[in-house]
Each structure stands twice: as C-alpha cells, then as structure tokens.
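Shown next: target-v7.tsv, containing TSV, C-alpha atoms.
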```tsv
chain	number	residue	atom	x	y	z
A	1	MET	CA	269.09	134.43	65.10
A	2	LYS	CA	270.62	132.07	67.60
A	3	LYS	CA	271.67	129.65	64.85
A	4	ILE	CA	273.37	132.42	62.90
A	5	LEU	CA	275.30	133.47	65.99
A	6	ILE	CA	276.49	129.91	66.64
A	7	ALA	CA	277.52	129.53	63.01
A	8	LEU	CA	279.45	132.81	63.11
A	9	PHE	CA	281.13	131.87	66.39
A	10	SER	CA	282.23	128.44	65.20
A	11	ALA	CA	283.52	129.94	61.93
A	12	SER	CA	285.64	132.45	63.82
A	13	VAL	CA	287.01	129.72	66.07
A	14	LEU	CA	287.93	127.67	63.02
A	15	LEU	CA	289.60	130.65	61.37
A	16	THR	CA	291.69	131.61	64.39
A	17	SER	CA	292.78	128.03	65.00
A	18	ALA	CA	293.74	127.66	61.32
A	19	SER	CA	295.78	130.85	61.43
A	20	SER	CA	297.50	129.79	64.65
A	21	PHE	CA	298.45	126.46	63.01
A	22	SER	CA	299.99	128.22	60.03
A	23	GLY	CA	301.78	130.52	62.46
A	24	GLU	CA	303.33	127.53	64.24
A	25	ASN	CA	305.03	126.46	61.03
A	26	ASP	CA	307.04	129.67	60.98
A	27	ILE	CA	308.65	128.99	64.33
A	28	ALA	CA	312.00	127.28	64.05
A	29	THR	CA	311.95	124.17	66.18
A	30	LEU	CA	314.41	121.36	66.56
A	31	ARG	CA	311.69	119.05	65.25
A	32	GLN	CA	311.59	121.02	61.98
A	33	ASN	CA	307.82	120.63	61.45
A	34	THR	CA	307.84	116.90	61.88
A	35	PRO	CA	304.23	115.86	62.53
A	36	ILE	CA	303.57	115.34	66.20
A	37	ASP	CA	302.67	111.66	65.70
A	38	SER	CA	305.90	110.70	63.98
A	39	GLN	CA	309.49	110.52	65.16
A	40	LYS	CA	312.18	112.54	63.45
A	41	GLU	CA	315.30	110.69	62.33
A	42	PRO	CA	317.73	111.52	65.12
A	43	LYS	CA	321.08	113.12	64.35
A	44	LYS	CA	324.19	111.04	64.77
A	45	MET	CA	325.60	111.31	68.27
A	46	THR	CA	328.98	112.99	68.52
A	47	LYS	CA	331.84	112.37	70.88
A	48	VAL	CA	332.75	114.50	73.85
A	49	VAL	CA	335.86	116.62	73.33
A	50	ASN	CA	338.61	115.04	75.42
A	51	SER	CA	341.58	117.24	74.54
A	52	ASP	CA	342.40	118.57	78.03
A	53	ILE	CA	343.01	121.94	76.33
A	54	LYS	CA	341.52	124.96	78.09
A	55	GLN	CA	338.97	126.76	75.92
A	56	LYS	CA	338.47	130.49	75.67
A	57	ARG	CA	335.52	131.88	77.60
A	58	ASN	CA	333.00	133.82	75.52
A	59	TYR	CA	332.50	136.34	78.33
A	60	PRO	CA	334.39	136.80	81.59
A	61	MET	CA	331.70	135.34	83.85
A	62	GLN	CA	331.22	132.20	81.77
A	63	PRO	CA	331.77	129.03	83.77
A	64	PRO	CA	334.85	127.34	82.26
A	65	LEU	CA	334.06	124.43	79.94
A	66	ILE	CA	335.11	120.90	80.84
A	67	PRO	CA	337.73	119.78	78.29
A	68	HIS	CA	337.51	116.06	79.13
A	69	THR	CA	334.98	113.26	79.31
A	70	ILE	CA	332.98	112.93	82.49
A	71	ARG	CA	331.20	109.66	81.83
A	72	ASP	CA	330.06	108.08	85.12
A	73	TYR	CA	331.55	110.87	87.22
A	74	GLU	CA	329.67	110.52	90.46
A	75	VAL	CA	328.48	113.75	92.09
A	76	ASP	CA	326.01	113.07	94.85
A	77	LEU	CA	325.56	113.25	98.61
A	78	LYS	CA	328.23	110.63	99.21
A	79	VAL	CA	330.97	111.73	96.88
A	80	ASN	CA	332.08	114.31	94.32
A	81	LYS	CA	334.36	112.88	91.67
A	82	CYS	CA	335.20	116.26	90.13
A	83	VAL	CA	336.49	117.62	93.40
A	84	SER	CA	338.80	114.62	93.80
A	85	CYS	CA	341.08	116.43	91.32
A	86	HIS	CA	339.92	120.06	91.41
A	87	SER	CA	339.76	120.64	95.18
A	88	ARG	CA	342.40	122.80	96.85
A	89	ASN	CA	344.08	119.81	98.51
A	90	ARG	CA	344.28	117.74	95.35
A	91	THR	CA	345.52	120.18	92.74
A	92	GLU	CA	349.21	119.69	93.46
A	93	GLU	CA	349.04	116.04	92.59
A	94	SER	CA	346.45	116.29	89.84
A	95	GLN	CA	347.66	119.58	88.29
A	96	ALA	CA	344.03	120.37	87.57
A	97	PRO	CA	342.77	123.95	87.97
A	98	MET	CA	341.48	124.63	91.48
A	99	VAL	CA	337.80	125.25	92.07
A	100	SER	CA	337.57	129.04	92.01
A	101	VAL	CA	337.41	130.79	95.35
A	102	THR	CA	333.91	132.10	94.62
A	103	HIS	CA	332.72	128.52	95.11
A	104	PHE	CA	333.71	128.67	98.77
A	105	MET	CA	331.35	131.56	99.50
A	106	ASP	CA	327.92	131.04	100.94
A	107	ARG	CA	325.12	133.34	99.85
A	108	ASP	CA	326.02	135.92	102.51
A	109	GLY	CA	329.56	136.22	101.15
A	110	ASN	CA	331.26	134.30	103.97
A	111	PHE	CA	334.13	132.07	102.90
A	112	LEU	CA	333.74	128.45	104.00
A	113	ALA	CA	336.48	125.87	104.40
A	114	GLU	CA	335.15	123.79	101.53
A	115	VAL	CA	333.02	124.17	98.44
A	116	SER	CA	329.71	125.71	99.42
A	117	PRO	CA	326.69	123.40	99.10
A	118	ARG	CA	325.12	125.78	96.58
A	119	ARG	CA	328.11	125.28	94.26
A	120	TYR	CA	328.47	121.54	94.84
A	121	PHE	CA	326.84	120.19	91.69
A	122	CYS	CA	329.49	121.01	89.09
A	123	SER	CA	327.61	120.13	85.93
A	124	GLN	CA	324.84	122.60	86.73
A	125	CYS	CA	327.17	125.22	85.25
A	126	HIS	CA	330.20	123.42	83.81
A	127	VAL	CA	329.61	121.34	80.73
A	128	THR	CA	331.57	119.25	78.27
A	129	GLN	CA	331.67	120.14	74.58
A	130	GLU	CA	331.04	118.08	71.49
A	131	ASN	CA	332.35	118.52	67.97
A	132	ALA	CA	328.88	119.09	66.57
A	133	LYS	CA	327.33	121.68	64.30
A	134	PRO	CA	325.08	124.04	66.24
A	135	LEU	CA	321.44	122.95	65.96
A	136	VAL	CA	320.23	126.54	65.62
A	137	GLU	CA	322.03	129.58	64.30
A	138	ASN	CA	323.86	131.59	66.92
A	139	THR	CA	324.72	135.24	66.33
A	140	PHE	CA	326.58	135.79	69.57
A	141	VAL	CA	329.47	138.24	69.21
A	142	ASP	CA	332.02	138.56	71.95
A	143	MET	CA	332.44	142.04	73.45
A	144	ASN	CA	336.00	142.56	72.27
A	145	THR	CA	334.80	142.12	68.70
A	146	ILE	CA	332.09	144.72	69.28
A	147	LEU	CA	334.59	147.17	70.81
A	148	MET	CA	337.01	146.65	67.92
A	149	SER	CA	334.32	147.28	65.31
A	150	LYS	CA	333.29	150.43	67.18
A	151	ASP	CA	336.85	151.68	67.11
A	152	LYS	CA	336.96	151.36	63.34
A	153	THR	CA	333.71	153.27	62.62
A	154	PRO	CA	334.34	157.00	63.25
A	155	ALA	CA	332.22	158.48	66.00
A	156	LYS	CA	329.44	160.85	64.94
A	157	HIS	CA	329.42	164.02	67.03
B	1	MET	CA	334.40	56.42	120.62
B	2	LYS	CA	337.92	55.06	120.73
B	3	ASN	CA	336.64	51.57	119.78
B	4	LEU	CA	334.73	53.03	116.85
B	5	ILE	CA	337.88	54.63	115.42
B	6	ILE	CA	339.90	51.47	115.94
B	7	ASN	CA	337.21	49.34	114.22
B	8	ALA	CA	337.03	51.75	111.29
B	9	TRP	CA	340.80	51.66	110.91
B	10	LYS	CA	340.78	47.84	111.02
B	11	THR	CA	338.15	47.69	108.26
B	12	ILE	CA	340.12	50.05	106.04
B	13	ALA	CA	343.45	48.34	106.71
B	14	LYS	CA	342.10	44.82	105.88
B	15	PRO	CA	342.42	43.56	102.30
B	16	SER	CA	339.17	43.36	100.37
B	17	VAL	CA	337.40	39.98	100.58
B	18	HIS	CA	334.60	40.29	98.01
B	19	TYR	CA	335.79	42.84	95.40
B	20	SER	CA	338.65	42.42	92.94
B	21	LEU	CA	341.62	44.78	92.87
B	22	GLY	CA	340.62	45.85	89.33
B	23	PHE	CA	337.09	46.77	90.40
B	24	LEU	CA	338.33	48.76	93.36
B	25	THR	CA	341.00	50.73	91.47
B	26	LEU	CA	338.89	51.37	88.34
B	27	GLY	CA	335.76	52.00	90.40
B	28	GLY	CA	337.71	54.40	92.59
B	29	PHE	CA	339.05	56.18	89.54
B	30	ILE	CA	335.61	56.60	87.96
B	31	ALA	CA	334.04	57.70	91.23
B	32	GLY	CA	336.87	60.21	91.59
B	33	VAL	CA	336.25	61.60	88.11
B	34	ILE	CA	332.53	61.98	88.82
B	35	PHE	CA	333.14	63.59	92.19
B	36	TRP	CA	335.77	66.00	90.89
B	37	GLY	CA	333.72	66.87	87.80
B	38	GLY	CA	330.68	67.49	89.94
B	39	PHE	CA	332.63	69.65	92.36
B	40	ASN	CA	334.14	71.77	89.62
B	41	THR	CA	330.84	72.12	87.78
B	42	ALA	CA	329.15	73.30	90.97
B	43	LEU	CA	332.03	75.70	91.54
B	44	GLU	CA	331.70	77.12	88.05
B	45	VAL	CA	327.93	77.53	88.42
B	46	SER	CA	328.58	79.67	91.49
B	47	ASN	CA	330.95	81.69	89.29
B	48	THR	CA	328.32	82.98	86.89
B	49	GLU	CA	326.55	86.29	86.85
B	50	GLU	CA	323.15	84.56	86.86
B	51	PHE	CA	324.11	82.95	90.15
B	52	CYS	CA	325.25	86.27	91.65
B	53	ILE	CA	322.14	88.21	90.68
B	54	SER	CA	319.80	85.45	91.74
B	55	CYS	CA	319.97	87.27	95.09
B	56	HIS	CA	318.09	90.55	95.09
B	57	GLU	CA	320.86	92.16	97.17
B	58	MET	CA	323.17	91.86	94.19
B	59	GLU	CA	320.63	92.40	91.43
B	60	ASN	CA	319.00	95.54	92.82
B	61	ASN	CA	322.12	97.28	94.07
B	62	VAL	CA	325.46	96.52	92.48
B	63	TYR	CA	324.19	94.98	89.24
B	64	GLU	CA	321.94	97.96	88.51
B	65	GLU	CA	324.87	100.30	89.17
B	66	LEU	CA	327.13	98.33	86.84
B	67	LYS	CA	324.69	98.70	83.94
B	68	THR	CA	325.52	102.32	83.15
B	69	THR	CA	329.28	101.88	83.28
B	70	ILE	CA	331.80	101.15	80.53
B	71	HIS	CA	332.29	97.64	81.89
B	72	PHE	CA	328.72	96.77	80.95
B	73	SER	CA	327.98	98.73	77.80
B	74	ASN	CA	330.61	99.95	75.36
B	75	ARG	CA	331.50	100.25	71.67
B	76	SER	CA	333.03	96.81	71.23
B	77	GLY	CA	330.55	94.81	73.30
B	78	VAL	CA	333.17	93.14	75.47
B	79	ARG	CA	331.87	93.23	78.99
B	80	ALA	CA	332.90	92.19	82.45
B	81	THR	CA	330.61	89.98	84.51
B	82	CYS	CA	330.66	89.88	88.32
B	83	PRO	CA	333.16	86.99	88.71
B	84	ASP	CA	335.60	88.54	86.19
B	85	CYS	CA	336.46	91.17	88.79
B	86	HIS	CA	335.39	89.60	92.06
B	87	VAL	CA	336.67	86.01	91.81
B	88	PRO	CA	340.36	85.22	91.31
B	89	HIS	CA	341.08	83.11	88.22
B	90	LYS	CA	343.86	81.00	89.74
B	91	TRP	CA	342.48	77.86	91.34
B	92	THR	CA	344.04	78.13	94.81
B	93	ASP	CA	343.09	81.82	95.12
B	94	LYS	CA	339.63	80.98	93.86
B	95	ILE	CA	339.11	78.33	96.54
B	96	ALA	CA	340.41	80.73	99.19
B	97	ARG	CA	337.94	83.38	98.03
B	98	LYS	CA	335.12	80.83	97.96
B	99	MET	CA	335.83	79.96	101.59
B	100	GLN	CA	335.65	83.65	102.49
B	101	ALA	CA	332.36	83.79	100.64
B	102	SER	CA	330.78	81.58	103.28
B	103	LYS	CA	330.49	84.83	105.24
B	104	GLU	CA	328.31	86.11	102.39
B	105	VAL	CA	326.02	83.10	102.77
B	106	TRP	CA	325.72	84.02	106.45
B	107	GLY	CA	324.86	87.57	105.44
B	108	LYS	CA	322.24	86.35	103.00
B	109	ILE	CA	320.57	84.11	105.60
B	110	PHE	CA	320.43	86.82	108.25
B	111	GLY	CA	319.66	89.62	105.79
B	112	THR	CA	322.53	91.94	106.70
B	113	ILE	CA	322.08	93.96	103.50
B	114	ASN	CA	318.57	92.98	102.45
B	115	THR	CA	317.34	96.57	102.07
B	116	ARG	CA	318.83	99.50	100.16
B	117	GLU	CA	319.31	101.38	103.44
B	118	LYS	CA	321.20	98.53	105.06
B	119	PHE	CA	323.29	98.15	101.92
B	120	GLU	CA	324.12	101.86	101.83
B	121	SER	CA	325.18	101.86	105.47
B	122	LYS	CA	327.49	98.90	104.80
B	123	ARG	CA	328.77	100.20	101.46
B	124	ARG	CA	331.97	101.75	102.80
B	125	GLU	CA	332.92	98.59	104.67
B	126	LEU	CA	332.19	96.33	101.69
B	127	ALA	CA	334.03	98.65	99.32
B	128	GLU	CA	337.04	98.72	101.63
B	129	HIS	CA	337.23	94.92	101.51
B	130	GLU	CA	337.41	95.02	97.73
B	131	TRP	CA	339.94	97.88	97.67
B	132	ALA	CA	342.13	96.00	100.14
B	133	ARG	CA	341.92	92.80	98.11
B	134	LEU	CA	342.82	94.53	94.82
B	135	LYS	CA	345.56	96.56	96.46
B	136	ALA	CA	347.08	93.41	97.96
B	137	ASN	CA	347.12	91.44	94.70
B	138	ASN	CA	348.25	94.41	92.58
B	139	SER	CA	344.84	94.71	90.89
B	140	LEU	CA	345.14	91.20	89.51
B	141	GLU	CA	341.52	90.97	88.39
B	142	CYS	CA	341.87	94.21	86.40
B	143	ARG	CA	345.05	92.94	84.81
B	144	ASN	CA	343.44	89.69	83.67
B	145	CYS	CA	342.05	91.81	80.84
B	146	HIS	CA	344.01	95.09	81.00
B	147	ASP	CA	347.57	93.94	80.44
B	148	PHE	CA	350.06	96.75	81.03
B	149	ASP	CA	352.54	95.28	78.53
B	150	TYR	CA	350.07	95.73	75.69
B	151	MET	CA	348.80	99.20	76.57
B	152	ASP	CA	349.21	101.66	73.69
B	153	PHE	CA	349.85	104.99	75.39
B	154	THR	CA	349.49	106.83	72.08
B	155	ALA	CA	345.87	105.68	71.87
B	156	GLN	CA	345.15	107.04	75.34
B	157	SER	CA	344.23	110.59	76.21
B	158	GLY	CA	347.09	112.84	77.29
B	159	ARG	CA	346.25	112.67	80.95
B	160	ALA	CA	345.80	108.89	80.94
B	161	SER	CA	349.05	108.20	79.11
B	162	LYS	CA	350.97	110.48	81.45
B	163	GLN	CA	349.68	108.77	84.57
B	164	HIS	CA	349.97	105.24	83.18
B	165	SER	CA	353.51	105.74	81.91
B	166	THR	CA	354.76	107.16	85.21
B	167	SER	CA	352.99	106.06	88.38
B	168	LEU	CA	351.57	102.80	87.05
B	169	ALA	CA	354.71	101.86	85.11
B	170	SER	CA	356.96	102.35	88.13
B	171	GLY	CA	354.69	100.19	90.26
B	172	GLU	CA	354.15	103.06	92.66
B	173	LYS	CA	350.40	102.92	92.01
B	174	THR	CA	348.11	100.11	91.03
B	175	CYS	CA	344.82	100.28	89.10
B	176	ILE	CA	342.54	100.48	92.14
B	177	ASP	CA	344.43	103.46	93.59
B	178	CYS	CA	342.87	105.74	90.97
B	179	HIS	CA	340.00	103.72	89.51
B	180	LYS	CA	337.84	103.31	92.61
B	181	GLY	CA	334.14	103.26	91.78
B	182	ILE	CA	334.80	102.24	88.18
B	183	ALA	CA	331.93	99.76	88.15
B	184	HIS	CA	329.71	100.64	91.10
B	185	GLU	CA	328.67	103.70	93.06
B	186	LEU	CA	331.15	104.95	95.62
B	187	PRO	CA	330.57	105.12	99.36
B	188	ASP	CA	331.21	108.30	101.34
B	189	MET	CA	334.89	108.85	100.51
B	190	SER	CA	335.87	111.11	103.39
B	191	GLY	CA	339.29	110.11	104.66
B	192	VAL	CA	340.14	107.88	101.69
B	193	GLU	CA	343.59	108.61	100.26
B	194	GLY	CA	343.39	110.62	97.08
B	195	TRP	CA	339.90	112.01	97.72
```
Please rewrite the model in this file as structure tokens.
Amino acid sequence: MKKILIALFSASVLLTSASSFSGENDIATLRQNTPIDSQKEPKKMTKVVNSDIKQKRNYPMQPPLIPHTIRDYEVDLKVNKCVSCHSRNRTEESQAPMVSVTHFMDRDGNFLAEVSPRRYFCSQCHVTQENAKPLVENTFVDMNTILMSKDKTPAKH
Amino acid sequence: MKNLIINAWKTIAKPSVHYSLGFLTLGGFIAGVIFWGGFNTALEVSNTEEFCISCHEMENNVYEELKTTIHFSNRSGVRATCPDCHVPHKWTDKIARKMQASKEVWGKIFGTINTREKFESKRRELAEHEWARLKANNSLECRNCHDFDYMDFTAQSGRASKQHSTSLASGEKTCIDCHKGIAHELPDMSGVEGW
C-alpha cells in the first residue's frame, strides 16, 4: 500500500513539473527560450540619440526624455553634472530647460531653494533614447488617440 | 673653507700635466653624451603611465576613474596616458613641472593622500591646481591632440559646434572652462564658476 502511494505521489510530482516546464515555454522572455546553460547571441548595441530635439511625451506626467548623450555624467554626493546646465541659475547661459518647479518641493509640499534631495538623481526618471527596435511588442495608445477614436464611433444610448 | 675653494680653483685653472688635450676634450664629450642620455632617459621613464601608477595613490584613485572615460576606452583606440595631460611637452615647461613634482615626492613619503578618505578630502585642492595650470596655459595639454584649427564643426553635435564656434573660437573660453572632470571624478563643485 505504502509503495503504491509513493509511486502515485512521485508520478504526480513528475507530471506537474513537466506541465510547468511546457508552460514556461509559452511565456515571452527576452532570452527567447535559450537554454539556461547557454548564452544567447547578444543584439548589436545601438547609439544614444544625440539630436537635442525635444521629444513628445506619451502622457502629461511622463518625465521628459533626455535628447543627448550623458556618458560619464557624474551625479553623486559631490556633484551633479545635469544640474550644471539645467539648474535655475545656469539656464540663461546654457539655454537648457530648467528643472521643473516640482523638483524643488519636499514631500510635504514645501518649496526649497534648490532641488529637493528626493529628486536629485536625475536618471532615476529621465532617460536617454536609442534608435532600437522595441524588444517586446508595445500596444500603448496615447489618450488623445483614444478620445479621437471615441469621437468617431457614434455613442449608443 | 676659503682655502679649500682657492685650492680647488687653482687645480681647475692649471693646465693638465698627465692627460692630453685630445683625451680631455673627447673624454669630456663622451662623458657628456652619457650623462645627458642618462638624464633624459630617466626623465622619460618618470613620464610613463607605468611609473605614475606604480604608486597606489595614483593607481587606486585617479587611474581607476580614468578607465571608464572616453580618454581611456573609445571607438578608435587612441587613448591618453597620464603624462599626455599632466606633463607639458615642451622641454623647459617639462623641467619646471618636474621641479614642482618634488612636492609630490614629499606627499608620497609622508602619505598625505595614502587613503581614499585623505584623497577625497584633498580632491578639491588638487583639482584646483590642475584647473589653474590648464587655464593659465590655455589648455595646452588638451590642444596637443585636440587642435582647434582642424576641428570639423559639422561632425560635432549641434550644441558642441555652437559652443566651440563661439566661445572657444573667440578665445573667451578655454577647454578646461567647460570640460572639468573629463577624465576623473569631480570634487564638490560648490562655488566653482559655471556650476
């Protein structure tokens, strides 16, 4: 009796593990089912867009994208390279957009004289772009497009 | 003391008794060549990166910081070594800089920057020395490679070409005014012009 139970139990374990393995293959990963012990041929690296042209935001709250290279830009306790052009004092000479005023607020909504420590590390939100094909499909539609398509379809009342 | 100097002068002023004029002039010439060659070779050895990073102060701080920058690793494989930027190429300037460097030997012996903490606390001062030097000589060490006359503004990004064709071209600014921290980490920049 005991042996039968053990046999049944191990069979069920085998079955479930087999099914979970086959299930894993259906999930789209960036590794594209490359066996775990081998290395996938990496994609060619692309260059950072360095056009200095402002890009449209996909939604109003999106942090603006960085339209230039930021290689070796130092942002640490000692110094913030980004702010050397984007701070309030520097924008006249640099003609760079000023750090938005929301960055001067602490978490209680008080405006500070300088960029608040919680907004100090620029690349936590602001990123550069590369001329690369998206690695996974993206079906994001911007809200104006949704509103426009709603306008066209007659409302059902 | 006075007698000693007078005796020495008398010996030098007397004509040679044992050696021929030919031996003395040729011998002097050869000895001069060996001395000068040796001096210059020693000078050049102290002008290599291996020499600089044989001290851990240089290897663990500034050399490590250089490694990630464009002056160490880039598409064409041309790279700058320590002396390319930190030692003048002209002989007289080089000797002057080498004399100043005796202070660095002092620092090495007494360990003024022998830990990362000591180095960090001195970083602003050391950086200011280099900024002052490059400002004073119109960024000469940059210009040994980056010659303004051969810059192709069309190959530069919009921002770069604008700044190089105005402020740099007019001589109002020099390389170091904008390109501080191009090869090493920056110190605390509070109070520095343009930051």
At most 8 Å is the cut-off: for each residue in range 124-166 of chain B with any atom that close to an atom of range 178-192 of chain B, write down the nearest atom pair and the distance in Å rounded to one decimal, counting all atoms listed in the file, chain first then increasing number, as JSON lines.
```
{"residue": "B:Arg124", "atom": "CA", "partner": "B:Pro187", "partner_atom": "CA", "distance": 5.0}
{"residue": "B:Ala127", "atom": "CA", "partner": "B:Pro187", "partner_atom": "CA", "distance": 7.3}
{"residue": "B:Trp131", "atom": "CA", "partner": "B:Lys180", "partner_atom": "CA", "distance": 7.7}
```
Checklist outcome for this item: The distance between CA of Lys135 in chain B and CA of Ile176 in chain B is 6.6 Å
Checklist entry - Which is closest to chain A among B:Ser46, B:Ser102, B:Ser16, B:Gln156, if we use all atoms listed in the file? => result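 Smallest separation from chain A among the options: B:Gln156.
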Item to check | Counting all atoms listed in the file, the residue of A:Asp76, A:Phe140, A:Ile36, A:Arg57 that sits nearest chain B | outcome: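 Closest candidate: A:Asp76.
For the choices B:Ser161, B:Thr69, B:Asn74, B:Thr48, the atom-to-atom distance to chain A is smallest for B:Thr69 when using all atoms listed in the file.
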Item to check | Long-range neighbours of range 49-52 of chain B as a list in words, 7 Å cut-off, all atoms listed in the file, 3 positions minimum in chain | outcome: Val45, Ser46, Cys55, Met58, Thr81, Cys82 and Pro83 of chain B
Please list as a PDB file with C-alpha atoms, in the frame of the given file every residue within 9 Å of Lys54 in chain A, counting all atoms listed in the file and excluding residues in the same chain fewer than 4 positions away.
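See out.pdb below for the written result:
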```pdb
ATOM      1  CA  PRO A  64     334.850 127.340  82.260  1.00  0.00           C
ATOM      2  CA  LEU A  65     334.060 124.430  79.940  1.00  0.00           C
ATOM      3  CA  ILE A  66     335.110 120.900  80.840  1.00  0.00           C
ATOM      4  CA  PRO A  67     337.730 119.780  78.290  1.00  0.00           C
TER       5      PRO A  67
END
```
Checklist entry - Skipping near chain neighbours, those fewer than 4 positions away, what residues fall within 10 Å of Asn137 in chain B using all atoms listed in the file, listed as a ChimeraX atom specification? => result /B:88,132-133,141,174
Where is the centre and how long are the edges: axis-aligned box on range 36-51 of chain B, 5 Å on each side, Å to one decimal, as lines of an AutoDock Vina configuration file:
```
center_x = 329.5
center_y = 76.1
center_z = 89.6
size_x = 22.6
size_y = 30.3
size_z = 15.5
```
Within 8 Å of file point (330.6, 127.7, 95.0), counting only C-alpha atoms, expressed as a PDB file with C-alpha atoms, in the coordinates of the input:
```pdb
ATOM      1  CA  SER A 100     337.570 129.040  92.010  1.00  0.00           C
ATOM      2  CA  VAL A 101     337.410 130.790  95.350  1.00  0.00           C
ATOM      3  CA  THR A 102     333.910 132.100  94.620  1.00  0.00           C
ATOM      4  CA  HIS A 103     332.720 128.520  95.110  1.00  0.00           C
ATOM      5  CA  PHE A 104     333.710 128.670  98.770  1.00  0.00           C
ATOM      6  CA  MET A 105     331.350 131.560  99.500  1.00  0.00           C
ATOM      7  CA  ASP A 106     327.920 131.040 100.940  1.00  0.00           C
ATOM      8  CA  VAL A 115     333.020 124.170  98.440  1.00  0.00           C
ATOM      9  CA  SER A 116     329.710 125.710  99.420  1.00  0.00           C
ATOM     10  CA  PRO A 117     326.690 123.400  99.100  1.00  0.00           C
ATOM     11  CA  ARG A 118     325.120 125.780  96.580  1.00  0.00           C
ATOM     12  CA  ARG A 119     328.110 125.280  94.260  1.00  0.00           C
ATOM     13  CA  TYR A 120     328.470 121.540  94.840  1.00  0.00           C
TER      14      TYR A 120
END
```
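In this structure, CA of Thr69 in chain A sits 9.8 Å away from CA of Val127 in chain A.
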Could you give me, as a Markdown table, a per-residue list for chain A showing, wherever an atom lies at most 7 Å from an atom of chain B, the closest pair of atoms and their distance in Å to one decimal, using only C-alpha atoms and sorting by chain then residue number from low to high?
```
| residue | atom | partner | partner_atom | distance |
| --- | --- | --- | --- | --- |
| A:Asp72 | CA | B:Thr69 | CA | 6.5 |
| A:Lys78 | CA | B:Asp188 | CA | 4.3 |
| A:Val79 | CA | B:Asp188 | CA | 5.6 |
| A:Ser84 | CA | B:Trp195 | CA | 4.8 |
```
Checklist outcome for this item: Shortest contact to His71 in chain B, candidates B:Met151, B:Tyr19, B:Cys145, B:Ala169, atoms counted all atoms listed in the file, goes to B:Cys145
Checklist entry - What is the CA of Arg123 in chain B-CA of Ala101 in chain B distance in Å, reported with one decimal? => result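 A separation of 16.8 Å between them.
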Next on the checklist: Neighbouring residues of Pro63 in chain A were defined as those with any atom within 10 Å, considering all atoms listed in the file; residues of the same chain fewer than 4 positions away were excluded. Please report them as a list in words.
Outcome noted: Arg57, Asn58, Tyr59, Cys122, Gln124, Cys125, His126 and Val127 of chain A
Checklist entry - Taking (339.3, 122.4, 96.3) in the file's coordinates as the center, which residues reach within 6 Å of it, counting only C-alpha atoms, put as a ChimeraX atom specification? => result /A:86-89,98-99
Next on the checklist: Please list as a list in words every residue within 10 Å of Asn144 in chain B, counting all atoms listed in the file and excluding residues in the same chain fewer than 5 positions away.
Outcome noted: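 Contacts, in chain order: Asp84, Cys85, Pro88, His89 and Ser139 of chain B.
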